[in-house]
Amino acid sequence: MIITKKICSFCNKKIENYKKLVIGYKAFICYSCIFLCNKIINNDINNIEEKKFNNETFPKPKEIKSMLDEYIIGQKQTKKIISVSIYNHYNKIFKINNSEIEISKSNILLLGETGSGKTLFAKTIAKFLNVPFAMVDATSLTEAGYVGEDVENIIYRLLQNSNFDVKKTQIGIVYIDEIDKIAKKNEGSYGRDVSGEGVQQALLKIIEGTIANVPPKGGKKFPNQEYISVDTKDILFIFGGAFNGIQTFSGTNIGFKKKSNFSNATPNDLIKYGLIPEFVGRISIISTLKSLKINNLKKIIYKPKNSILEQYKAIYMLDNIKLVFKKSAIKYVAKKAFKLKLGARGLKYILDKYFIKLTYFISDKKIEKVKINKKTLINKNMINIKYKK
């Protein structure tokens with residue numbers, strides 16, 4: 001085939017080296033676009049540039065916040081709090097751990113509605129810092145001796161994610177979601193509190209700092225078993241929870257009705273909610289994520305580096321199909337997601353449902369461009385397609 005075009009069909013850049021060029025039907029794709037596409041569709045945050053930091057190169061709080069701004073919409077105050085907390089934590093590890101000064105770590109609690117971005121904060125930070133990351137649902141944990149997942153298995157997951165490099169594991173990040181679901185039961189509740197206060201008690205040592213003896217294959221502990229010893233004193237724990245109804249425990253009228261948040265929630269409010277004082281005492285940083293409004297949801301669709309829309313554009317690009325998503329469609333999806341009250345998860349639910357149907361419909365057709373607006377979202381028969389000549 002004779003090449004007459006010297007411009008990538010997607011980034012419109014001139015292509016100097018034809019050896020690094022994929023030729024399709026009336027389309028040319030440079031390797032840079034293919035590489036970017038692969039990074040986007042592999043994982044929603046996998047294309048964050050991984051770096052190896054030390055005491056000389058560790059990013060300052062403003063640099064960390066700038067990175068978060070690229071992947072997370074809104075939540076300005078929480079970004080600042082997280083950035084300073086992360087900086088202080090790893091600065092301590094790099095600069096102070098070898099001295100006689102001992103500084104206790106500051107574990108973090110993120111309060112916020114479903115889909116407000118709590119998990120995304122933890123994942124993004126861990127990916128950016130290139131440290132092992134483990135995530136667990138608090139409701140899956142039980143105190144020792146009960147059927148369920150022992151708290152040491154959290155550390156086992158970190159070990160897995162560091163290829164069992166104990167040294168790397170010991171500076172990893174653990175995110176425990178739905179921590180509000182293990183609030184202790186009210187007095188008089190029937191039966192022993194297996195998933196509430198007991199789990200909080202079981203977590204105390206590893207979140208503060210202890211030598212955790214982890215079975216080499218995970219699971220329950222047995223007598224005369226060999227263990228992998230992991231020091232948890234430098235493992236950062238981030239907790240997340242919706243804490244629905246916590247405003248009723250505050251004696252200061254924290255403005256839940258007016259602002260639809262609980263930004264002034266205190267450790268005392270958490271204790272009244274059902275977290276034991278010893279557990280709350282091991283959490284130094286409390287930050288609240290604001291509920292996402294329609295304008296936030298609109299930006300989440302297209303603005304982050306790994307936005308949902310960019311992921312779908314990349315997927316369609318693989319078949320040489322240009323995807324155009326109009327402003328009317330963005331606004332329509334954001335409004336529908338807002339009514340679902342699922343935050344950013346609502347966006348993905350709506351778009352995944354639509355694109356599954358669309359992809360199936362066009363999969364056997366020779367298409368050059370698909371244009372989506374509000375009308376096409378409402379009525380699939382009005383889909384705007386440009387076919388290949």
# chains A, B, ... in the order shown; residues from 1 in each chain; ligands from 1
$ select_by_dssp --residues "region 181-380 of chain A" --states "alpha helix (DSSP H)" --output "short mmCIF file (atom, residue, chain, number, x, y, z; two decimals) with N, CA and C atoms, in the first residue's frame"
data_model
loop_
_atom_site.label_atom_id
_atom_site.label_comp_id
_atom_site.auth_asym_id
_atom_site.auth_seq_id
_atom_site.Cartn_x
_atom_site.Cartn_y
_atom_site.Cartn_z
N GLU A 197 -17.80 -3.85 67.44
CA GLU A 197 -16.75 -3.48 68.38
C GLU A 197 -15.59 -4.46 68.36
N GLY A 198 -15.91 -5.75 68.17
CA GLY A 198 -14.85 -6.75 68.15
C GLY A 198 -13.84 -6.51 67.04
N VAL A 199 -14.33 -6.11 65.87
CA VAL A 199 -13.43 -5.84 64.75
C VAL A 199 -12.61 -4.59 65.02
N GLN A 200 -13.23 -3.58 65.59
CA GLN A 200 -12.49 -2.37 65.95
C GLN A 200 -11.34 -2.70 66.90
N GLN A 201 -11.63 -3.54 67.88
CA GLN A 201 -10.58 -3.95 68.84
C GLN A 201 -9.46 -4.69 68.11
N ALA A 202 -9.85 -5.56 67.18
CA ALA A 202 -8.86 -6.35 66.45
C ALA A 202 -7.96 -5.49 65.57
N LEU A 203 -8.50 -4.35 65.11
CA LEU A 203 -7.74 -3.47 64.22
C LEU A 203 -6.76 -2.56 64.96
N LEU A 204 -6.97 -2.36 66.24
CA LEU A 204 -6.22 -1.35 66.98
C LEU A 204 -4.71 -1.47 66.82
N LYS A 205 -4.18 -2.67 67.02
CA LYS A 205 -2.73 -2.83 67.00
C LYS A 205 -2.13 -2.58 65.63
N ILE A 206 -2.75 -3.14 64.58
CA ILE A 206 -2.10 -3.00 63.27
C ILE A 206 -2.20 -1.58 62.74
N ILE A 207 -3.25 -0.82 63.11
CA ILE A 207 -3.32 0.54 62.59
C ILE A 207 -2.41 1.49 63.37
N GLU A 208 -2.11 1.14 64.61
CA GLU A 208 -1.19 1.99 65.37
C GLU A 208 0.26 1.65 65.07
N PHE A 256 -26.06 19.90 58.60
CA PHE A 256 -26.35 18.88 57.59
C PHE A 256 -27.52 19.28 56.70
N LYS A 257 -28.55 19.85 57.31
CA LYS A 257 -29.74 20.20 56.53
C LYS A 257 -29.46 21.35 55.58
N LYS A 258 -28.69 22.31 56.01
CA LYS A 258 -28.44 23.49 55.17
C LYS A 258 -27.43 23.21 54.07
N LYS A 259 -26.35 22.51 54.41
CA LYS A 259 -25.26 22.34 53.45
C LYS A 259 -25.16 20.92 52.91
N PRO A 267 -14.33 13.99 66.61
CA PRO A 267 -14.10 12.66 67.17
C PRO A 267 -15.22 12.23 68.12
N ASN A 268 -15.76 13.17 68.86
CA ASN A 268 -16.84 12.85 69.79
C ASN A 268 -18.09 12.38 69.04
N ASP A 269 -18.36 12.99 67.87
CA ASP A 269 -19.49 12.54 67.05
C ASP A 269 -19.28 11.10 66.58
N LEU A 270 -18.04 10.76 66.22
CA LEU A 270 -17.73 9.40 65.76
C LEU A 270 -17.94 8.39 66.88
N ILE A 271 -17.58 8.78 68.10
CA ILE A 271 -17.76 7.89 69.26
C ILE A 271 -19.24 7.68 69.53
N LYS A 272 -20.02 8.75 69.46
CA LYS A 272 -21.46 8.62 69.66
C LYS A 272 -22.09 7.75 68.57
N TYR A 273 -21.50 7.80 67.39
CA TYR A 273 -22.02 7.01 66.28
C TYR A 273 -21.78 5.51 66.50
N PRO A 277 -13.64 4.71 71.52
CA PRO A 277 -12.66 5.79 71.72
C PRO A 277 -11.24 5.39 71.34
N GLU A 278 -10.84 4.15 71.62
CA GLU A 278 -9.49 3.70 71.30
C GLU A 278 -9.25 3.72 69.78
N PHE A 279 -10.30 3.38 69.04
CA PHE A 279 -10.18 3.37 67.58
C PHE A 279 -10.12 4.79 67.03
N VAL A 280 -11.01 5.64 67.51
CA VAL A 280 -11.04 7.04 67.07
C VAL A 280 -9.72 7.72 67.42
N ILE A 294 -24.64 18.69 40.16
CA ILE A 294 -24.75 18.42 38.71
C ILE A 294 -23.53 18.94 37.96
N ASN A 295 -23.06 20.13 38.30
CA ASN A 295 -21.88 20.69 37.61
C ASN A 295 -20.64 19.83 37.84
N ASN A 296 -20.49 19.28 39.06
CA ASN A 296 -19.38 18.37 39.33
C ASN A 296 -19.48 17.12 38.46
N LEU A 297 -20.68 16.57 38.38
CA LEU A 297 -20.89 15.35 37.61
C LEU A 297 -20.63 15.58 36.12
N LYS A 298 -21.01 16.75 35.62
CA LYS A 298 -20.74 17.08 34.22
C LYS A 298 -19.24 17.06 33.95
N LYS A 299 -18.45 17.67 34.84
CA LYS A 299 -17.01 17.73 34.66
C LYS A 299 -16.36 16.35 34.77
N ILE A 300 -16.91 15.52 35.66
CA ILE A 300 -16.34 14.18 35.84
C ILE A 300 -16.45 13.37 34.56
N ILE A 301 -17.47 13.62 33.76
CA ILE A 301 -17.66 12.87 32.51
C ILE A 301 -16.51 13.08 31.54
N TYR A 302 -15.98 14.32 31.47
CA TYR A 302 -15.02 14.61 30.40
C TYR A 302 -13.68 15.21 30.85
N ILE A 308 -14.47 8.99 32.06
CA ILE A 308 -15.25 7.91 31.46
C ILE A 308 -15.35 8.10 29.95
N LEU A 309 -15.55 9.34 29.54
CA LEU A 309 -15.70 9.63 28.11
C LEU A 309 -14.42 9.34 27.35
N GLU A 310 -13.27 9.70 27.91
CA GLU A 310 -11.99 9.44 27.24
C GLU A 310 -11.75 7.94 27.10
N GLN A 311 -12.20 7.18 28.09
CA GLN A 311 -12.03 5.73 28.01
C GLN A 311 -12.85 5.16 26.85
N TYR A 312 -14.07 5.64 26.69
CA TYR A 312 -14.89 5.14 25.58
C TYR A 312 -14.37 5.62 24.23
N LYS A 313 -13.86 6.83 24.18
CA LYS A 313 -13.26 7.32 22.93
C LYS A 313 -12.09 6.42 22.53
N ALA A 314 -11.29 6.03 23.54
CA ALA A 314 -10.14 5.17 23.26
C ALA A 314 -10.58 3.79 22.77
N ILE A 315 -11.63 3.27 23.37
CA ILE A 315 -12.14 1.95 22.95
C ILE A 315 -12.63 2.00 21.51
N TYR A 316 -13.38 3.03 21.17
CA TYR A 316 -13.91 3.17 19.81
C TYR A 316 -12.79 3.46 18.81
N MET A 317 -11.74 4.13 19.29
CA MET A 317 -10.61 4.43 18.42
C MET A 317 -9.94 3.16 17.90
N LYS A 327 -22.37 18.47 24.23
CA LYS A 327 -22.64 19.07 25.54
C LYS A 327 -24.03 18.71 26.05
N SER A 328 -24.99 18.63 25.16
CA SER A 328 -26.35 18.29 25.57
C SER A 328 -26.42 16.90 26.17
N ALA A 329 -25.59 15.99 25.64
CA ALA A 329 -25.55 14.62 26.17
C ALA A 329 -24.90 14.60 27.55
N ILE A 330 -23.83 15.36 27.71
CA ILE A 330 -23.14 15.44 29.00
C ILE A 330 -24.08 15.97 30.07
N LYS A 331 -24.80 17.02 29.75
CA LYS A 331 -25.73 17.61 30.70
C LYS A 331 -26.86 16.64 31.05
N TYR A 332 -27.36 15.93 30.06
CA TYR A 332 -28.45 14.98 30.26
C TYR A 332 -28.02 13.84 31.19
N VAL A 333 -26.83 13.28 30.93
CA VAL A 333 -26.33 12.17 31.75
C VAL A 333 -26.07 12.63 33.19
N ALA A 334 -25.51 13.82 33.34
CA ALA A 334 -25.23 14.35 34.69
C ALA A 334 -26.51 14.52 35.49
N LYS A 335 -27.56 15.01 34.86
CA LYS A 335 -28.84 15.20 35.55
C LYS A 335 -29.45 13.86 35.96
N LYS A 336 -29.37 12.87 35.08
CA LYS A 336 -29.89 11.55 35.41
C LYS A 336 -29.12 10.91 36.55
N ALA A 337 -27.79 11.07 36.52
CA ALA A 337 -26.94 10.50 37.57
C ALA A 337 -27.22 11.18 38.91
N PHE A 338 -27.44 12.46 38.88
CA PHE A 338 -27.73 13.21 40.12
C PHE A 338 -28.99 12.68 40.78
N LYS A 339 -29.99 12.33 39.99
CA LYS A 339 -31.24 11.79 40.54
C LYS A 339 -31.05 10.40 41.16
N LEU A 340 -30.08 9.66 40.64
CA LEU A 340 -29.80 8.32 41.20
C LEU A 340 -29.17 8.39 42.58
N ALA A 344 -20.45 9.66 41.37
CA ALA A 344 -19.79 9.32 40.11
C ALA A 344 -20.16 7.92 39.63
N ARG A 345 -20.52 7.04 40.55
CA ARG A 345 -20.92 5.68 40.15
C ARG A 345 -22.18 5.71 39.29
N GLY A 346 -23.02 6.68 39.53
CA GLY A 346 -24.23 6.81 38.73
C GLY A 346 -23.91 7.12 37.27
N LEU A 347 -22.88 7.92 37.05
CA LEU A 347 -22.45 8.23 35.68
C LEU A 347 -22.03 6.97 34.93
N LYS A 348 -21.23 6.18 35.58
CA LYS A 348 -20.73 4.96 34.94
C LYS A 348 -21.87 3.99 34.67
N TYR A 349 -22.81 3.90 35.59
CA TYR A 349 -23.96 3.01 35.42
C TYR A 349 -24.75 3.40 34.17
N ILE A 350 -25.03 4.69 34.02
CA ILE A 350 -25.82 5.17 32.88
C ILE A 350 -25.07 5.00 31.57
N LEU A 351 -23.80 5.41 31.55
CA LEU A 351 -23.02 5.35 30.31
C LEU A 351 -22.69 3.93 29.89
N ASP A 352 -22.36 3.08 30.85
CA ASP A 352 -22.08 1.68 30.51
C ASP A 352 -23.31 1.03 29.87
N LYS A 353 -24.47 1.29 30.45
CA LYS A 353 -25.71 0.72 29.94
C LYS A 353 -25.96 1.17 28.51
N TYR A 354 -25.73 2.47 28.24
CA TYR A 354 -25.96 3.00 26.90
C TYR A 354 -24.95 2.47 25.90
N PHE A 355 -23.66 2.48 26.28
CA PHE A 355 -22.62 2.10 25.32
C PHE A 355 -22.61 0.60 25.02
N ILE A 356 -23.10 -0.21 25.93
CA ILE A 356 -23.22 -1.64 25.64
C ILE A 356 -24.20 -1.85 24.49
N LYS A 357 -25.34 -1.17 24.57
CA LYS A 357 -26.34 -1.27 23.50
C LYS A 357 -25.81 -0.69 22.19
N LEU A 358 -25.15 0.47 22.29
CA LEU A 358 -24.64 1.13 21.09
C LEU A 358 -23.57 0.29 20.41
N THR A 359 -22.63 -0.23 21.19
CA THR A 359 -21.54 -1.02 20.63
C THR A 359 -22.06 -2.27 19.94
N TYR A 360 -23.03 -2.91 20.56
CA TYR A 360 -23.62 -4.11 19.95
C TYR A 360 -24.28 -3.76 18.62
N PHE A 361 -24.95 -2.62 18.58
CA PHE A 361 -25.68 -2.19 17.39
C PHE A 361 -24.75 -1.89 16.22
N ILE A 362 -23.61 -1.25 16.50
CA ILE A 362 -22.73 -0.81 15.41
C ILE A 362 -21.58 -1.77 15.14
N LYS A 374 -28.28 14.66 23.32
CA LYS A 374 -29.39 14.32 24.23
C LYS A 374 -30.45 13.49 23.52
N LYS A 375 -30.78 13.85 22.29
CA LYS A 375 -31.84 13.14 21.57
C LYS A 375 -31.48 11.68 21.32
N THR A 376 -30.20 11.43 20.97
CA THR A 376 -29.80 10.05 20.70
C THR A 376 -29.76 9.21 21.97
N LEU A 377 -29.51 9.86 23.11
CA LEU A 377 -29.54 9.13 24.38
C LEU A 377 -30.96 8.73 24.75
N ILE A 378 -31.90 9.61 24.44
CA ILE A 378 -33.30 9.33 24.77
C ILE A 378 -33.90 8.33 23.79
#
$ residues_around --residues "region 70-82 of chain A" --least-positions-apart "6" --cutoff "8 Å" --atoms "only C-alpha atoms" --output "number ranges by chain"
A: 45, 61-62, 117, 120-121, 124, 287-290, 296, 299-300, 303-306
$ residues_around --residues "Lys60 (chain A)" --least-positions-apart "6" --cutoff "9 Å" --atoms "only C-alpha atoms" --output "JSON, numbers by chain"
{"A": [83, 84, 87]}
$ write_last_selection --atoms "N, CA and C atoms" --output "PDB file, in the first residue's frame"
ATOM      1  N   SER A  83      -3.040  16.040  50.839  1.00  0.00           N
ATOM      2  CA  SER A  83      -1.691  16.351  50.335  1.00  0.00           C
ATOM      3  C   SER A  83      -0.713  16.610  51.467  1.00  0.00           C
ATOM      4  N   VAL A  84      -1.132  17.395  52.447  1.00  0.00           N
ATOM      5  CA  VAL A  84      -0.262  17.686  53.593  1.00  0.00           C
ATOM      6  C   VAL A  84      -0.047  16.434  54.428  1.00  0.00           C
ATOM      7  N   TYR A  87       2.348  14.086  52.622  1.00  0.00           N
ATOM      8  CA  TYR A  87       3.699  14.661  52.674  1.00  0.00           C
ATOM      9  C   TYR A  87       4.328  14.435  54.047  1.00  0.00           C
TER      10      TYR A  87
END
$ residues_around --residues "region 161-172 of chain A" --least-positions-apart "6" --cutoff "6 Å" --atoms "only C-alpha atoms" --output "ChimeraX atom specification"
/A:131-133,232,234-235
$ closest_residue --among "A:Lys118, A:Lys388, A:Arg282, A:Lys95" --to "Phe58 (chain A)" --atoms "only C-alpha atoms"
A:Lys95
$ residues_around --residues "Pro59 (chain A)" --least-positions-apart "5" --cutoff "10 Å" --atoms "only C-alpha atoms" --output "ChimeraX atom specification"
/A:53-54,64-65,83,86-87,90-91,129
$ closest_residue --among "A:Thr119, A:Thr114, A:Ser104, A:Gln160" --to "Ile176 (chain A)" --atoms "only C-alpha atoms"
A:Thr119
